[in-house]
>>> print(open('data_2.cif').read())   # mmCIF, C-alpha atoms and all ligand atoms
data_model
#
loop_
_atom_site.label_atom_id
_atom_site.label_comp_id
_atom_site.auth_asym_id
_atom_site.auth_seq_id
_atom_site.Cartn_x
_atom_site.Cartn_y
_atom_site.Cartn_z
CA MET V 1 12.23 6.31 15.38
CA SER V 2 9.91 3.60 14.04
CA ASP V 3 10.21 -0.14 14.67
CA ILE V 4 10.79 -0.80 10.97
CA GLU V 5 14.39 -1.87 10.48
CA VAL V 6 14.35 -3.02 6.85
CA GLY V 7 13.77 -0.84 3.82
CA ILE V 8 13.00 -2.45 0.47
CA ILE V 9 13.59 0.01 -2.33
CA MET V 10 13.41 -0.45 -6.09
CA GLY V 11 13.93 1.64 -9.19
CA SER V 12 10.52 1.11 -10.71
CA GLN V 13 7.08 -0.38 -10.24
CA SER V 14 8.20 -2.96 -12.81
CA ASP V 15 10.74 -4.27 -10.26
CA TRP V 16 8.04 -5.12 -7.71
CA PRO V 17 7.22 -8.67 -8.91
CA THR V 18 10.89 -9.51 -8.28
CA MET V 19 11.28 -7.49 -5.08
CA LYS V 20 8.06 -8.94 -3.65
CA GLU V 21 10.08 -12.13 -3.16
CA ALA V 22 12.15 -10.29 -0.55
CA ALA V 23 9.02 -8.87 1.04
CA ASP V 24 7.34 -12.29 1.14
CA MET V 25 10.39 -13.79 2.82
CA LEU V 26 10.39 -11.06 5.47
CA ASP V 27 6.65 -11.64 6.01
CA THR V 28 7.35 -15.35 6.49
CA LEU V 29 10.02 -14.59 9.08
CA GLY V 30 7.97 -11.93 10.86
CA VAL V 31 10.26 -9.04 10.00
CA PRO V 32 8.53 -5.66 9.46
CA TYR V 33 9.66 -3.60 6.50
CA GLU V 34 8.77 -0.60 4.39
CA LYS V 35 8.74 -0.58 0.60
CA ARG V 36 9.38 2.38 -1.67
CA ILE V 37 10.03 3.22 -5.31
CA VAL V 38 13.27 5.20 -5.31
CA SER V 39 14.91 5.64 -8.71
CA ALA V 40 18.52 6.74 -9.04
CA HIS V 41 17.73 8.38 -12.36
CA ARG V 42 14.07 9.36 -12.24
CA THR V 43 13.83 10.48 -8.60
CA PRO V 44 17.39 11.35 -7.51
CA ASP V 45 16.19 13.75 -4.80
CA ARG V 46 14.08 10.97 -3.29
CA LEU V 47 17.14 8.72 -3.30
CA TRP V 48 19.19 11.39 -1.54
CA ASP V 49 16.54 12.01 1.11
CA TYR V 50 16.08 8.29 1.74
CA GLY V 51 19.80 7.72 2.17
CA LYS V 52 20.28 10.82 4.29
CA THR V 53 17.62 9.80 6.82
CA ALA V 54 17.94 5.99 6.71
CA ALA V 55 20.17 5.59 9.78
CA SER V 56 18.41 8.22 11.90
CA ARG V 57 15.04 6.63 11.10
CA GLY V 58 16.32 3.36 12.56
CA LEU V 59 16.80 1.33 9.38
CA LYS V 60 19.40 -1.40 9.88
CA VAL V 61 19.35 -2.97 6.41
CA ILE V 62 18.35 -1.69 2.98
CA ILE V 63 17.44 -4.12 0.19
CA ALA V 64 17.79 -2.29 -3.12
CA GLY V 65 16.69 -3.80 -6.43
CA ALA V 66 17.15 -2.34 -9.88
CA GLY V 67 17.55 -3.42 -13.46
CA GLY V 68 19.63 -2.37 -16.45
CA ALA V 69 21.86 0.60 -15.57
CA ALA V 70 21.20 -0.37 -11.97
CA HIS V 71 22.76 2.48 -10.03
CA LEU V 72 20.32 2.53 -7.12
CA PRO V 73 22.09 0.12 -4.72
CA GLY V 74 25.50 1.71 -5.22
CA MET V 75 24.26 5.27 -4.94
CA MET V 76 22.35 4.34 -1.79
CA ALA V 77 25.51 2.78 -0.35
CA SER V 78 27.34 6.02 -1.06
CA LYS V 79 24.76 8.00 0.90
CA THR V 80 24.30 5.88 4.04
CA ARG V 81 26.32 3.58 6.26
CA VAL V 82 23.25 1.33 6.62
CA PRO V 83 24.24 -1.96 4.91
CA VAL V 84 22.84 -2.25 1.39
CA ILE V 85 21.92 -5.60 -0.16
CA GLY V 86 21.69 -5.29 -3.94
CA VAL V 87 19.30 -7.31 -6.09
CA PRO V 88 19.98 -7.35 -9.86
CA VAL V 89 16.58 -7.42 -11.54
CA GLN V 90 16.38 -9.56 -14.68
CA THR V 91 16.09 -7.52 -17.85
CA ARG V 92 14.74 -8.42 -21.28
CA ALA V 93 17.65 -7.03 -23.30
CA LEU V 94 20.57 -8.56 -21.40
CA SER V 95 18.91 -11.03 -19.00
CA GLY V 96 20.06 -9.12 -15.93
CA VAL V 97 23.79 -9.47 -16.54
CA ASP V 98 23.74 -5.70 -17.07
CA SER V 99 22.04 -5.25 -13.67
CA LEU V 100 24.49 -7.63 -12.00
CA TYR V 101 27.58 -5.91 -13.32
CA SER V 102 26.15 -2.47 -12.51
CA ILE V 103 25.58 -3.50 -8.89
CA VAL V 104 28.48 -5.80 -8.08
CA GLN V 105 31.45 -3.76 -9.33
CA MET V 106 31.56 -1.16 -6.58
CA PRO V 107 34.72 0.84 -5.99
CA ARG V 108 36.70 0.18 -2.82
CA GLY V 109 35.12 1.91 0.15
CA PHE V 110 31.43 1.54 -0.65
CA PRO V 111 30.31 -2.10 -0.58
CA VAL V 112 27.01 -3.50 -1.81
CA ALA V 113 26.25 -7.09 -0.81
CA THR V 114 25.13 -8.34 -4.22
CA MET V 115 22.68 -11.21 -4.59
CA ALA V 116 21.93 -13.44 -7.58
CA ILE V 117 19.94 -12.14 -10.55
CA GLY V 118 16.15 -12.18 -10.23
CA ALA V 119 13.68 -13.87 -7.91
CA ALA V 120 16.15 -16.14 -6.11
CA GLY V 121 18.36 -13.14 -5.41
CA ALA V 122 15.43 -11.16 -4.02
CA ALA V 123 14.34 -14.03 -1.75
CA ASN V 124 17.93 -14.43 -0.57
CA ALA V 125 18.08 -10.69 0.11
CA GLY V 126 15.18 -11.14 2.50
CA LEU V 127 17.00 -14.02 4.17
CA MET V 128 20.24 -12.03 4.36
CA ALA V 129 18.47 -9.06 5.94
CA ALA V 130 16.86 -11.39 8.48
CA ALA V 131 20.22 -13.02 9.21
CA ILE V 132 21.81 -9.62 9.87
CA LEU V 133 19.02 -8.61 12.25
CA ALA V 134 19.11 -12.04 13.89
CA THR V 135 22.62 -11.37 15.19
CA SER V 136 20.99 -9.12 17.81
CA ASP V 137 17.45 -10.57 17.94
CA PRO V 138 17.30 -14.05 19.53
CA ALA V 139 13.60 -14.57 18.71
CA LEU V 140 14.22 -13.85 15.04
CA ALA V 141 17.31 -16.08 15.12
CA LYS V 142 15.09 -18.93 16.32
CA ARG V 143 12.53 -18.32 13.56
CA LEU V 144 15.31 -18.25 10.97
CA ASP V 145 16.83 -21.48 12.30
CA THR V 146 13.40 -23.14 12.13
CA TRP V 147 12.85 -21.92 8.55
CA ARG V 148 16.24 -23.29 7.50
CA ALA V 149 15.64 -26.64 9.22
CA GLU V 150 12.24 -26.97 7.52
CA LEU V 151 13.78 -26.26 4.13
CA SER V 152 16.43 -28.92 4.69
CA ALA V 153 13.81 -31.41 5.86
CA SER V 154 11.74 -30.80 2.71
CA ILE V 155 14.52 -32.02 0.41
CA PRO V 156 14.04 -35.71 -0.46
CA ASP V 157 16.97 -38.13 -0.25
CA GLU V 158 16.30 -39.53 -3.71
CA PRO V 159 14.98 -38.06 -6.95
CA GLN V 160 11.53 -39.28 -7.97
CA ASP V 161 10.18 -40.13 -11.42
CA ASP V 162 7.62 -37.60 -12.69
C1 LIG B 201 15.48 0.68 -13.71
O1 LIG B 201 15.05 0.57 -15.02
C2 LIG B 201 14.46 -0.03 -12.89
O2 LIG B 201 15.07 -0.55 -11.75
C3 LIG B 201 13.88 -1.07 -13.78
O3 LIG B 201 14.43 -2.35 -13.51
C4 LIG B 201 14.32 -0.62 -15.16
C5 LIG B 201 13.16 -0.42 -16.10
O4 LIG B 201 12.24 0.47 -15.53
P1 LIG B 201 10.83 0.74 -16.20
O5 LIG B 201 11.12 1.32 -17.56
O6 LIG B 201 10.12 -0.59 -16.30
O7 LIG B 201 10.12 1.69 -15.29
O8 LIG B 201 15.60 2.00 -13.32
#
>>> encode(input="data_2.cif", output="structure tokens")
Amino acid sequence: MSDIEVGIIMGSQSDWPTMKEAADMLDTLGVPYEKRIVSAHRTPDRLWDYGKTAASRGLKVIIAGAGGAAHLPGMMASKTRVPVIGVPVQTRALSGVDSLYSIVQMPRGFPVATMAIGAAGAANAGLMAAAILATSDPALAKRLDTWRAELSASIPDEPQDD
């Protein structure tokens, strides 16, 4: 079993600029992760293998991003009990509302924790993964608390003129 507890998966190379926001957040918080292209439609066998081995390999959270007919997070949730955080990638045709609806409307029994569309959702997925791991990792909990306190402190009391 490796010491990597977070898997970031995405349907396509084209999702990486969005999903990198999750990776960057995990880097900031000192959380190791792996990243893979795993497409529900183009590489279904890869999806199956990833889901089948996720728990035994020691993964504790999977962040799954996809756009359009975004079946990856839901299919992954159907294949593993490892919690799946879904990131709806913004699309050109429908602005990511298609991705959001594809990911969020899971049938009872197989939840996906769905984030906001696009970059903010991906960054929040990194934070959510860290928060989950922090429930049993006091050092990470401290780093997360510090990050949150610094964000709060960076917000000015009053708006400024440009
Ligand atoms: C989905 O189709 C991917 O998650 C991606 O968001 C979208 C478009 O993929 P590409 O055509 O750019 O590879 O499977």
>>> closest_residue(input="data_2.cif", among="V:Leu127, V:Ala64, V:Val89, V:Leu47", to="Ser14 of chain V", atoms="all atoms listed in the file")
V:Val89
>>> residues_near_ligand(input="data_2.cif", ligand="ligand LIG 201 (chain B)", cutoff="6 Å", atoms="all atoms listed in the file", output="list in words")
Met10, Gly11, Ser12, Ser14, Asp15, Ser39, Ala66, Gly67, Gly68 and Val89 of chain V
>>> write_last_selection(input="data_2.cif", atoms="C-alpha atoms", output="short mmCIF file (atom, residue, chain, number, x, y, z; two decimals), in the frame of the given file")
data_model
loop_
_atom_site.label_atom_id
_atom_site.label_comp_id
_atom_site.auth_asym_id
_atom_site.auth_seq_id
_atom_site.Cartn_x
_atom_site.Cartn_y
_atom_site.Cartn_z
CA MET V 10 13.41 -0.45 -6.09
CA GLY V 11 13.93 1.64 -9.19
CA SER V 12 10.52 1.11 -10.71
CA SER V 14 8.20 -2.96 -12.81
CA ASP V 15 10.74 -4.27 -10.26
CA SER V 39 14.91 5.64 -8.71
CA ALA V 66 17.15 -2.34 -9.88
CA GLY V 67 17.55 -3.42 -13.46
CA GLY V 68 19.63 -2.37 -16.45
CA VAL V 89 16.58 -7.42 -11.54
#
>>> closest_residue(input="data_2.cif", among="V:Ile8, V:Val82, V:Ile103, V:Val87", to="Ala120 of chain V", atoms="all atoms listed in the file")
V:Val87
>>> closest_residue(input="data_2.cif", among="V:Ile117, V:Leu26, V:Ala130, V:Ile9", to="Met76 of chain V", atoms="only C-alpha atoms")
V:Ile9
>>> atom_distance(input="data_2.cif", atom1="atom CA of Gly96 of chain V", atom2="atom CA of Lys79 of chain V")
24.5 Å
>>> axis_aligned_box(input="data_2.cif", around="segment 152-159 of chain V", padding_each_side="3 Å", output="lines of an AutoDock Vina configuration file")
center_x = 14.4
center_y = -34.2
center_z = -0.5
size_x = 11.2
size_y = 16.6
size_z = 18.8
>>> residues_around(input="data_2.cif", residues="Ala113 of chain V", least_positions_apart="4", cutoff="8 Å", atoms="all atoms listed in the file", output="VMD selection string")
chain V and resid 83 to 86 104
>>> atom_distance(input="data_2.cif", atom1="atom CA of Arg143 of chain V", atom2="atom CA of Val112 of chain V")
25.8 Å
>>> closest_residue(input="data_2.cif", among="V:Ser136, V:Thr18, V:Gln13, V:Ser102", to="Pro73 of chain V", atoms="only C-alpha atoms")
V:Ser102
>>> atom_distance(input="data_2.cif", atom1="atom CA of Gly7 of chain V", atom2="atom CA of Pro138 of chain V")
20.8 Å
>>> closest_residue(input="data_2.cif", among="V:Ala125, V:Val97, V:Met25, V:Leu140", to="Gly65 of chain V", atoms="all atoms listed in the file")
V:Ala125
>>> closest_residue(input="data_2.cif", among="V:Met128, V:Arg36, V:Gly118, V:Gly58", to="Arg92 of chain V", atoms="all atoms listed in the file")
V:Gly118
>>> decode(input="data_2.cif", residues="segment 60-88 of chain V", atoms="N, CA and C atoms", output="CSV table (one decimal), in the first residue's frame")
chain,number,residue,atom,x,y,z
V,60,LYS,N,-8.1,7.1,0.1
V,60,LYS,CA,-9.2,7.5,1.0
V,60,LYS,C,-10.2,8.5,0.4
V,61,VAL,N,-9.8,9.2,-0.6
V,61,VAL,CA,-10.7,10.1,-1.3
V,61,VAL,C,-10.3,10.1,-2.8
V,62,ILE,N,-11.3,10.1,-3.6
V,62,ILE,CA,-11.1,10.3,-5.1
V,62,ILE,C,-11.8,11.6,-5.5
V,63,ILE,N,-11.0,12.4,-6.2
V,63,ILE,CA,-11.6,13.7,-6.8
V,63,ILE,C,-11.7,13.3,-8.3
V,64,ALA,N,-12.9,13.4,-8.8
V,64,ALA,CA,-13.2,13.0,-10.2
V,64,ALA,C,-13.8,14.2,-10.9
V,65,GLY,N,-13.1,14.7,-12.0
V,65,GLY,CA,-13.6,15.8,-12.8
V,65,GLY,C,-14.0,15.3,-14.2
V,66,ALA,N,-15.1,15.8,-14.7
V,66,ALA,CA,-15.4,15.5,-16.1
V,66,ALA,C,-16.4,16.5,-16.6
V,67,GLY,N,-16.5,16.6,-17.9
V,67,GLY,CA,-17.3,17.6,-18.5
V,67,GLY,C,-18.3,17.0,-19.5
V,68,GLY,N,-19.4,17.7,-19.8
V,68,GLY,CA,-20.4,17.2,-20.7
V,68,GLY,C,-21.2,16.1,-20.1
V,69,ALA,N,-21.3,15.0,-20.9
V,69,ALA,CA,-21.9,13.8,-20.3
V,69,ALA,C,-21.0,13.2,-19.3
V,70,ALA,N,-21.0,13.8,-18.1
V,70,ALA,CA,-19.9,13.6,-17.1
V,70,ALA,C,-20.2,12.4,-16.2
V,71,HIS,N,-20.0,11.2,-16.8
V,71,HIS,CA,-20.3,10.0,-16.1
V,71,HIS,C,-19.3,9.4,-15.1
V,72,LEU,N,-18.0,10.0,-15.3
V,72,LEU,CA,-16.9,9.4,-14.5
V,72,LEU,C,-17.1,9.4,-13.0
V,73,PRO,N,-17.5,10.5,-12.4
V,73,PRO,CA,-17.6,10.5,-10.9
V,73,PRO,C,-18.7,9.5,-10.4
V,74,GLY,N,-19.8,9.4,-11.1
V,74,GLY,CA,-20.9,8.5,-10.7
V,74,GLY,C,-20.5,7.0,-10.9
V,75,MET,N,-19.9,6.8,-12.0
V,75,MET,CA,-19.5,5.4,-12.3
V,75,MET,C,-18.4,5.0,-11.3
V,76,MET,N,-17.5,5.9,-11.0
V,76,MET,CA,-16.5,5.6,-10.0
V,76,MET,C,-17.1,5.3,-8.6
V,77,ALA,N,-18.1,6.1,-8.3
V,77,ALA,CA,-18.8,5.9,-7.0
V,77,ALA,C,-19.5,4.5,-7.0
V,78,SER,N,-19.9,4.1,-8.1
V,78,SER,CA,-20.6,2.8,-8.2
V,78,SER,C,-19.6,1.6,-8.1
V,79,LYS,N,-18.3,1.9,-8.3
V,79,LYS,CA,-17.3,0.8,-8.3
V,79,LYS,C,-16.5,0.7,-7.0
V,80,THR,N,-16.5,1.8,-6.2
V,80,THR,CA,-15.7,1.8,-5.0
V,80,THR,C,-16.4,2.5,-3.8
V,81,ARG,N,-16.2,2.0,-2.6
V,81,ARG,CA,-16.7,2.7,-1.4
V,81,ARG,C,-15.9,3.9,-1.0
V,82,VAL,N,-14.7,4.1,-1.7
V,82,VAL,CA,-13.9,5.3,-1.4
V,82,VAL,C,-14.7,6.5,-1.8
V,83,PRO,N,-14.8,7.5,-0.9
V,83,PRO,CA,-15.7,8.7,-1.2
V,83,PRO,C,-15.2,9.4,-2.5
V,84,VAL,N,-16.2,9.7,-3.3
V,84,VAL,CA,-15.9,10.4,-4.5
V,84,VAL,C,-16.4,11.9,-4.5
V,85,ILE,N,-15.5,12.8,-4.8
V,85,ILE,CA,-15.9,14.2,-4.9
V,85,ILE,C,-15.9,14.5,-6.4
V,86,GLY,N,-17.0,15.0,-6.8
V,86,GLY,CA,-17.2,15.3,-8.3
V,86,GLY,C,-17.0,16.7,-8.6
V,87,VAL,N,-16.3,17.0,-9.7
V,87,VAL,CA,-16.0,18.3,-10.2
V,87,VAL,C,-16.6,18.5,-11.6
V,88,PRO,N,-17.7,19.3,-11.7
V,88,PRO,CA,-18.2,19.5,-13.1
V,88,PRO,C,-17.3,20.5,-13.8
